[in-house]
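Listing of query_19.txt, compact mmCIF, C-alpha atoms and all ligand atoms
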```
# COMPACT_ATOMS: atom_id res chain seq x y z
CA MET A 703 134.40 168.66 46.35
CA SER A 704 137.21 167.73 48.67
CA ALA A 705 136.98 168.28 52.39
CA THR A 706 138.52 166.91 55.56
CA LEU A 707 136.68 165.84 58.65
CA ALA A 708 137.74 169.10 60.31
CA ASP A 709 136.38 171.10 57.34
CA MET A 710 132.98 169.43 57.57
CA LEU A 711 132.81 169.87 61.33
CA ALA A 712 133.60 173.55 60.95
CA GLU A 713 131.02 173.90 58.17
CA ALA A 714 128.28 172.25 60.26
CA ARG A 715 129.19 174.40 63.26
CA ARG A 716 129.17 177.56 61.15
CA ARG A 717 125.74 176.84 59.67
CA PHE A 718 124.23 175.90 63.02
CA THR A 719 125.60 179.06 64.63
CA GLU A 720 124.29 181.22 61.79
CA ALA A 721 120.84 179.66 62.13
CA GLY A 722 120.73 180.23 65.89
CA ILE A 723 120.77 176.52 66.82
CA VAL A 724 121.12 176.49 70.62
CA ASP A 725 124.23 174.33 70.95
CA PRO A 726 126.02 174.50 67.60
CA VAL A 727 129.35 173.01 68.70
CA THR A 728 127.89 169.97 70.46
CA ASP A 729 125.33 169.34 67.74
CA ALA A 730 127.96 169.50 64.97
CA ARG A 731 130.17 167.05 66.84
CA LEU A 732 127.36 164.64 67.75
CA LEU A 733 125.94 164.70 64.25
CA VAL A 734 129.20 164.19 62.36
CA ALA A 735 130.49 161.58 64.82
CA GLY A 736 127.17 159.71 64.69
CA LEU A 737 126.95 159.76 60.88
CA LEU A 738 130.54 158.56 60.41
CA LYS A 739 130.34 156.18 63.40
CA LEU A 740 133.35 157.75 65.08
CA SER A 741 134.02 158.24 68.79
CA SER A 742 134.55 161.76 70.12
CA THR A 743 138.28 160.99 70.37
CA GLU A 744 138.41 159.85 66.74
CA LEU A 745 136.74 163.08 65.77
CA LEU A 746 139.91 164.81 66.96
CA THR A 747 142.60 162.28 66.03
CA ARG A 748 141.25 161.78 62.49
CA SER A 749 140.35 165.40 61.82
CA ALA A 750 142.84 165.78 58.94
CA GLU A 751 141.43 162.79 57.02
CA LYS A 752 139.78 163.47 53.69
CA LEU A 753 136.16 162.42 53.45
CA SER A 754 134.64 160.65 50.45
CA PRO A 755 132.08 162.50 48.30
CA GLU A 756 129.41 160.14 49.70
CA GLN A 757 130.34 161.01 53.28
CA ILE A 758 130.26 164.72 52.47
CA GLU A 759 126.83 164.33 50.87
CA VAL A 760 125.47 162.46 53.91
CA ILE A 761 126.74 165.19 56.25
CA PHE A 762 125.29 168.01 54.13
CA LYS A 763 121.89 166.32 54.04
CA ALA A 764 121.90 165.80 57.80
CA VAL A 765 122.97 169.41 58.42
CA GLU A 766 119.99 170.56 56.34
CA ARG A 767 117.67 168.43 58.46
CA ARG A 768 119.10 169.92 61.66
CA LEU A 769 118.57 173.41 60.21
CA GLY A 770 114.90 172.39 59.85
CA HIS A 771 115.00 171.87 63.67
CA GLU A 772 115.07 168.08 63.58
CA PRO A 773 116.98 166.99 66.71
CA VAL A 774 120.36 165.34 66.17
CA HIS A 775 119.29 162.00 67.59
CA ARG A 776 116.19 161.85 65.42
CA ILE A 777 118.39 162.40 62.37
CA LEU A 778 120.71 159.63 63.54
CA GLY A 779 117.65 157.49 64.35
CA GLU A 780 118.87 156.52 67.78
CA ARG A 781 119.81 157.78 71.20
CA GLU A 782 121.48 156.29 74.22
CA PHE A 783 119.38 156.06 77.38
CA TYR A 784 120.76 154.71 80.63
CA GLY A 785 123.63 153.19 78.63
CA LEU A 786 121.30 151.40 76.20
CA PRO A 787 121.26 152.28 72.50
CA LEU A 788 117.62 152.86 71.53
CA GLY A 789 116.14 153.31 68.09
CA LEU A 790 113.62 156.14 67.65
CA SER A 791 110.62 156.44 65.36
CA SER A 792 107.94 159.00 64.65
CA GLY A 793 105.70 157.37 67.29
CA THR A 794 108.22 157.66 70.12
CA LEU A 795 109.14 160.58 72.31
CA GLU A 796 112.89 161.09 72.22
CA PRO A 797 114.12 159.82 75.59
CA ARG A 798 115.57 162.69 77.65
CA PRO A 799 118.40 162.57 80.15
CA ASP A 800 115.94 163.93 82.74
CA THR A 801 113.95 160.71 82.45
CA GLU A 802 117.02 158.76 83.60
CA ILE A 803 116.28 160.37 86.96
CA LEU A 804 113.04 158.38 87.17
CA VAL A 805 115.03 155.19 86.52
CA ASP A 806 117.59 156.16 89.18
CA THR A 807 114.79 156.91 91.63
CA VAL A 808 112.84 153.70 91.12
CA LEU A 809 115.84 151.33 91.00
CA PRO A 810 116.69 151.25 94.74
CA TYR A 811 113.08 150.32 95.55
CA LEU A 812 113.14 147.55 92.96
CA LYS A 813 116.48 146.22 94.18
CA ASP A 814 115.10 146.18 97.68
CA LEU A 815 112.01 144.27 96.55
CA ALA A 816 114.26 141.84 94.66
CA LYS A 817 115.81 140.75 97.97
CA ALA A 818 112.49 139.28 99.07
CA GLN A 819 111.02 138.26 95.70
CA ARG A 820 112.34 135.77 93.17
CA HIS A 821 110.75 137.58 90.33
CA LEU A 822 109.63 141.16 89.77
CA HIS A 823 107.00 142.30 87.33
CA ILE A 824 107.12 145.85 85.93
CA LEU A 825 104.61 147.84 83.89
CA ASP A 826 105.68 150.91 81.92
CA ILE A 827 102.62 152.84 80.76
CA GLY A 828 103.19 154.79 77.54
CA THR A 829 106.52 153.11 76.99
CA GLY A 830 107.38 154.85 73.69
CA SER A 831 110.85 153.65 72.73
CA GLY A 832 110.77 151.33 75.75
CA ALA A 833 113.36 153.49 77.48
CA ILE A 834 112.25 153.31 81.12
CA CYS A 835 111.19 149.67 81.12
CA LEU A 836 114.28 148.45 79.25
CA ALA A 837 116.61 150.42 81.50
CA LEU A 838 114.98 148.87 84.59
CA LEU A 839 115.14 145.38 83.08
CA SER A 840 118.80 145.80 82.18
CA GLU A 841 119.55 146.73 85.80
CA CYS A 842 117.30 144.08 87.41
CA PRO A 843 117.98 140.60 86.03
CA ALA A 844 115.14 139.20 88.17
CA ALA A 845 112.53 141.38 86.49
CA SER A 846 110.29 141.08 83.48
CA GLY A 847 108.22 143.92 82.11
CA ILE A 848 105.33 145.03 80.00
CA GLY A 849 105.69 148.17 77.96
CA SER A 850 102.27 149.47 76.98
CA ASP A 851 101.46 152.17 74.50
CA ILE A 852 98.53 153.32 72.46
CA SER A 853 100.78 153.68 69.41
CA ALA A 854 101.52 150.56 67.36
CA ASP A 855 104.51 152.33 65.85
CA ALA A 856 105.97 152.99 69.29
CA LEU A 857 105.44 149.36 70.29
CA ARG A 858 107.28 148.11 67.20
CA THR A 859 110.18 150.37 68.12
CA ALA A 860 110.13 149.31 71.77
CA LYS A 861 110.17 145.64 70.75
CA SER A 862 113.07 146.10 68.42
CA ASN A 863 114.91 148.03 71.14
CA ALA A 864 114.36 145.12 73.52
CA GLU A 865 115.87 142.77 70.93
CA ARG A 866 118.73 145.10 70.23
CA ASN A 867 119.66 145.08 73.91
CA GLY A 868 119.11 141.35 74.46
CA LEU A 869 116.07 141.96 76.69
CA GLN A 870 113.38 140.48 74.40
CA ASP A 871 112.79 137.43 76.61
CA ARG A 872 111.80 139.64 79.53
CA PHE A 873 109.92 142.37 77.66
CA GLN A 874 106.40 142.27 76.31
CA ALA A 875 104.84 145.06 74.24
CA VAL A 876 101.10 145.50 74.74
CA GLN A 877 98.89 147.92 72.85
CA SER A 878 96.70 149.59 75.44
CA LYS A 879 95.19 152.89 76.44
CA TRP A 880 96.14 153.23 80.09
CA PHE A 881 95.11 149.92 81.75
CA GLU A 882 92.51 148.83 79.18
CA ASN A 883 94.35 145.74 77.88
CA ILE A 884 96.58 145.14 80.88
CA GLN A 885 96.36 142.10 83.08
CA GLY A 886 98.35 141.17 86.16
CA SER A 887 99.67 142.83 89.24
CA PHE A 888 102.97 144.61 89.32
CA HIS A 889 105.78 145.30 91.74
CA ALA A 890 106.44 148.53 89.92
CA ILE A 891 104.30 150.66 87.65
CA VAL A 892 106.26 153.43 85.96
CA SER A 893 105.36 156.09 83.45
CA ASN A 894 106.54 159.23 81.73
CA PRO A 895 103.09 160.16 80.46
CA PRO A 896 102.10 163.19 78.39
CA TYR A 897 102.01 166.08 80.86
CA ILE A 898 102.17 169.35 78.94
CA ALA A 899 98.98 171.43 79.10
CA SER A 900 97.44 171.51 75.58
CA ASN A 901 97.50 175.30 75.29
CA VAL A 902 101.24 175.63 75.97
CA ILE A 903 102.51 172.91 73.64
CA HIS A 904 103.05 175.46 70.89
CA ASP A 905 105.42 177.38 73.21
CA LEU A 906 107.90 174.48 73.28
CA ALA A 907 110.95 174.42 71.02
CA PRO A 908 110.29 173.42 67.39
CA GLU A 909 112.61 170.46 68.03
CA VAL A 910 109.86 169.16 70.33
CA THR A 911 106.66 170.38 68.66
CA LYS A 912 107.67 169.33 65.15
CA PHE A 913 109.32 166.02 65.93
CA ASP A 914 108.05 164.48 69.19
CA PRO A 915 104.61 162.87 68.77
CA VAL A 916 101.97 165.20 70.18
CA ALA A 917 100.22 162.23 71.83
CA ALA A 918 103.33 161.80 74.00
CA LEU A 919 103.23 165.44 75.12
CA ASP A 920 99.60 166.54 75.37
CA GLY A 921 98.30 166.10 78.91
CA GLY A 922 94.93 167.79 78.25
CA PRO A 923 93.66 171.18 79.44
CA ASP A 924 95.63 171.23 82.71
CA GLY A 925 98.34 168.71 81.72
CA LEU A 926 97.06 166.26 84.33
CA ASP A 927 94.75 164.00 82.28
CA ALA A 928 97.23 161.13 82.17
CA TYR A 929 97.80 161.15 85.93
CA LYS A 930 94.06 161.14 86.59
CA ALA A 931 93.61 158.20 84.18
CA ILE A 932 96.45 156.24 85.78
CA ALA A 933 95.34 157.02 89.35
CA LYS A 934 91.78 155.90 88.60
CA ASP A 935 92.77 152.23 88.11
CA ALA A 936 96.34 151.81 89.32
CA VAL A 937 95.47 150.25 92.67
CA ARG A 938 93.90 147.23 90.97
CA PHE A 939 97.20 146.51 89.20
CA MET A 940 99.60 147.06 92.10
CA ARG A 941 101.06 144.43 94.36
CA PRO A 942 100.52 145.41 98.02
CA ASP A 943 104.28 146.00 98.36
CA GLY A 944 104.53 147.62 94.94
CA ILE A 945 105.65 151.11 93.98
CA LEU A 946 104.52 153.60 91.40
CA GLY A 947 107.11 155.90 89.79
CA LEU A 948 106.11 158.88 87.67
CA GLU A 949 107.85 161.59 85.74
CA ILE A 950 106.09 164.93 86.21
CA GLY A 951 106.24 168.46 84.85
CA TYR A 952 108.21 171.07 86.82
CA ASP A 953 105.09 172.57 88.43
CA GLN A 954 102.99 169.43 88.94
CA ARG A 955 104.32 168.00 92.19
CA ASN A 956 101.44 169.14 94.42
CA ASP A 957 98.70 168.41 91.90
CA VAL A 958 99.96 164.92 91.04
CA THR A 959 100.55 164.10 94.71
CA ALA A 960 96.97 165.17 95.51
CA ILE A 961 95.55 163.08 92.63
CA PHE A 962 97.27 159.92 93.90
CA GLU A 963 96.73 160.57 97.59
CA ALA A 964 93.01 160.87 96.89
CA LYS A 965 93.19 157.27 95.62
CA GLY A 966 94.96 156.00 98.72
CA PHE A 967 98.60 156.26 97.57
CA ARG A 968 101.30 157.63 99.84
CA CYS A 969 104.11 159.73 98.39
CA LEU A 970 107.45 158.14 99.32
CA LYS A 971 109.82 160.37 97.44
CA SER A 972 110.04 163.48 95.29
CA VAL A 973 113.13 164.09 93.17
CA LYS A 974 114.43 167.12 91.28
CA ASP A 975 116.12 167.10 87.87
CA TYR A 976 119.45 168.61 86.72
CA GLY A 977 117.74 172.00 86.44
CA GLN A 978 116.50 171.77 90.06
CA ASN A 979 112.89 171.30 88.94
CA ASP A 980 110.59 168.67 90.42
CA ARG A 981 110.78 165.77 88.01
CA ALA A 982 109.89 162.40 89.57
CA LEU A 983 107.57 161.08 92.27
CA VAL A 984 107.42 157.66 93.90
CA PHE A 985 104.26 156.40 95.60
N1 LIG B 1001 109.87 166.39 78.98
C1 LIG B 1001 109.13 166.63 77.78
C2 LIG B 1001 109.30 168.06 77.35
O1 LIG B 1001 109.48 168.91 78.17
C3 LIG B 1001 107.66 166.31 77.96
C4 LIG B 1001 107.47 164.89 78.11
C5 LIG B 1001 106.11 164.52 78.52
O2 LIG B 1001 105.09 165.20 78.34
N2 LIG B 1001 106.08 163.39 79.13
O3 LIG B 1001 109.30 168.35 76.17
```
This entry written out as structure tokens:
Amino acid sequence: MSATLADMLAEARRRFTEAGIVDPVTDARLLVAGLLKLSSTELLTRSAEKLSPEQIEVIFKAVERRLGHEPVHRILGEREFYGLPLGLSSGTLEPRPDTEILVDTVLPYLKDLAKAQRHLHILDIGTGSGAICLALLSECPAASGIGSDISADALRTAKSNAERNGLQDRFQAVQSKWFENIQGSFHAIVSNPPYIASNVIHDLAPEVTKFDPVAALDGGPDGLDAYKAIAKDAVRFMRPDGILGLEIGYDQRNDVTAIFEAKGFRCLKSVKDYGQNDRALVF
């Protein structure tokens, strides 16, 4: 079979549209560009080029996977987060652009602390791919961080992402449920914990339910289990001047604030995401 880049893009787009994939044009472009390692400009300027049979085969296989609802970045095996390329694995939640808001929210506090401290120590609970911790480390040269996770697979991925981004000397992966195996006191504790109520997980898109690890989504009966577990012990691991930054579900602002205020925390900031939903809290 002979086909140009433009032919294969059109074919992917056509199949995605037919199957009701939400954003067929973007997904076709991201997928084909990612598989062929082309920029979005090259996708246009090289559109008349003929592809090799191997390239065509690779694209067809990936299109099939997308039709099975696998997200584009899972198929490609990586996603950019806060400008860092991050590998994904079955044990890691796919980092979302909304989570960059937590990084943006926490950074000014950290930069402020860095003025008075020579060295900052960060803990990212449930680090997954390492996204939040590595983004903070890349922005704060004076910081080192622990990424903890219950999943050994996630920790392997987080470690390799640290290496990939030249942050391995400042990043430590620790297998731990909440604070169980954590030692030290931190200038910043951050987390995007599982926060979906168990009984609504099946309502999420198949892209999420079939491909994100359920342990990274399931927040128990009311979606708040993780916050309660973190709030229970967090004070013992915080520096007196430290901050705690959390991603939250769109309807959890009041509940999560109450959980932490009951443990003596004071809410410093609440931030909305691109969809105008509550998304991050700083204590
Ligand atoms: N933001 C994710 C979703 O809506 C959930 C992530 C989480 O539970 N931390 O699918």
Closest of A:Ile852, A:Gly921, A:Gln954, A:Ile891 to Lys879 (chain A) - atom-to-atom distances counting only C-alpha atoms: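 Closest to Lys879 (chain A), using only C-alpha atoms: A:Ile852.
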Straight-line distance linking CA of Ile827 (chain A) with CA of Trp880 (chain A), stated in Å to one decimal: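 So the two atoms, CA of Ile827 (chain A) and CA of Trp880 (chain A), lie 6.5 Å apart.
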For ligand LIG 1001 (chain B), the nearest of the candidates A:Val760, A:Val973, A:Val910, A:Ala837, counting only C-alpha atoms and all ligand atoms: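 When distances to ligand LIG 1001 (chain B) are compared using only C-alpha atoms and all ligand atoms, the smallest one comes from A:Val910.
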Shortest interatomic distance to ligand LIG 1001 (chain B) - which of A:Ile834, A:Ala875, A:Leu946, A:Ala721, counting only C-alpha atoms and all ligand atoms: A:Ile834
Contacts of region 942-945 of chain A at 6 Å (only C-alpha atoms; same-chain gap of 6+ positions) as a list in words: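 These residues fall inside the cut-off: His889, Ala890 and Phe985 of chain A.
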Chain A near ligand LIG 1001 (chain B) within 8 Å: what's each residue's closest atom pair and its distance in Å to one decimal, counting all atoms listed in the file, ordered by chain then ascending residue number, as CSV?
```
residue,atom,partner,partner_atom,distance
A:Leu795,CA,B:LIG1001,C4,7.4
A:Arg798,CA,B:LIG1001,N1,6.9
A:Asp800,CA,B:LIG1001,N1,7.6
A:Thr801,CA,B:LIG1001,N1,7.8
A:Asn894,CA,B:LIG1001,N2,4.9
A:Pro895,CA,B:LIG1001,N2,4.6
A:Pro896,CA,B:LIG1001,O2,3.6
A:Tyr897,CA,B:LIG1001,O2,4.1
A:Ile898,CA,B:LIG1001,O2,5.1
A:Leu906,CA,B:LIG1001,O3,6.9
A:Val910,CA,B:LIG1001,O3,5.9
A:Ala918,CA,B:LIG1001,O2,5.8
A:Leu919,CA,B:LIG1001,O2,3.7
A:Asp920,CA,B:LIG1001,O2,6.4
A:Gly921,CA,B:LIG1001,O2,6.9
A:Glu949,CA,B:LIG1001,N2,7.1
A:Ile950,CA,B:LIG1001,N2,7.2
A:Gly951,CA,B:LIG1001,N1,7.2
```
Length of the CA of Arg938 (chain A) to CA of Leu812 (chain A) vector [Å]: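 Interatomic distance here is 19.3 Å.
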Long-range neighbours of Arg767 (chain A) as a ChimeraX atom specification, 12 Å cut-off, all atoms listed in the file, 2 positions minimum in chain: /A:714,717-718,733,760-765,769-778,909,913
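The residue that comes closest to Ile803 (chain A), out of A:Gly789, A:Gly947, A:Gly966, A:Pro843 and on the basis of all atoms listed in the file, is A:Gly947.
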Thr807 (chain A) environment, 9 Å, all atoms listed in the file, sequence neighbours closer than 6 positions dropped, as an MDAnalysis selection string: chainID A and resid 947 971:973 982:984
All residues 6 Å or closer to region 736-751 of chain A, all atoms listed in the file, same chain fewer than 6 positions away omitted, as a ChimeraX atom specification: /A:706-708
Nearest to Phe967 (chain A) by atom-to-atom distance, counting all atoms listed in the file, from A:Asp953, A:Asp935, A:Glu796, A:Asp980: A:Asp935
Residue nearest Arg858 (chain A) - candidates A:Gly922, A:Pro810, A:Gly828, A:Gly793, atoms counted: all atoms listed in the file: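 Among the listed residues, A:Gly793 lies closest to Arg858 (chain A).
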d(CA of Leu926 (chain A), CA of Tyr952 (chain A)) in Å: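 CA of Tyr952 (chain A) lies 12.4 Å from CA of Leu926 (chain A).
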Phe888 (chain A) surroundings by all atoms listed in the file, 7 Å radius, close-in-sequence under 4 positions cut, as a PyMOL selection string: chain A and resi 823-825+939-941+944
Draw an axis-aligned box tight on the listed atoms of region 895-907 of chain A, then pad every side by 5 Å and write out centre and edge lengths in Å to one decimal as lines of an AutoDock Vina configuration file.
```
center_x = 104.2
center_y = 168.8
center_z = 75.9
size_x = 23.5
size_y = 27.2
size_z = 20.0
```
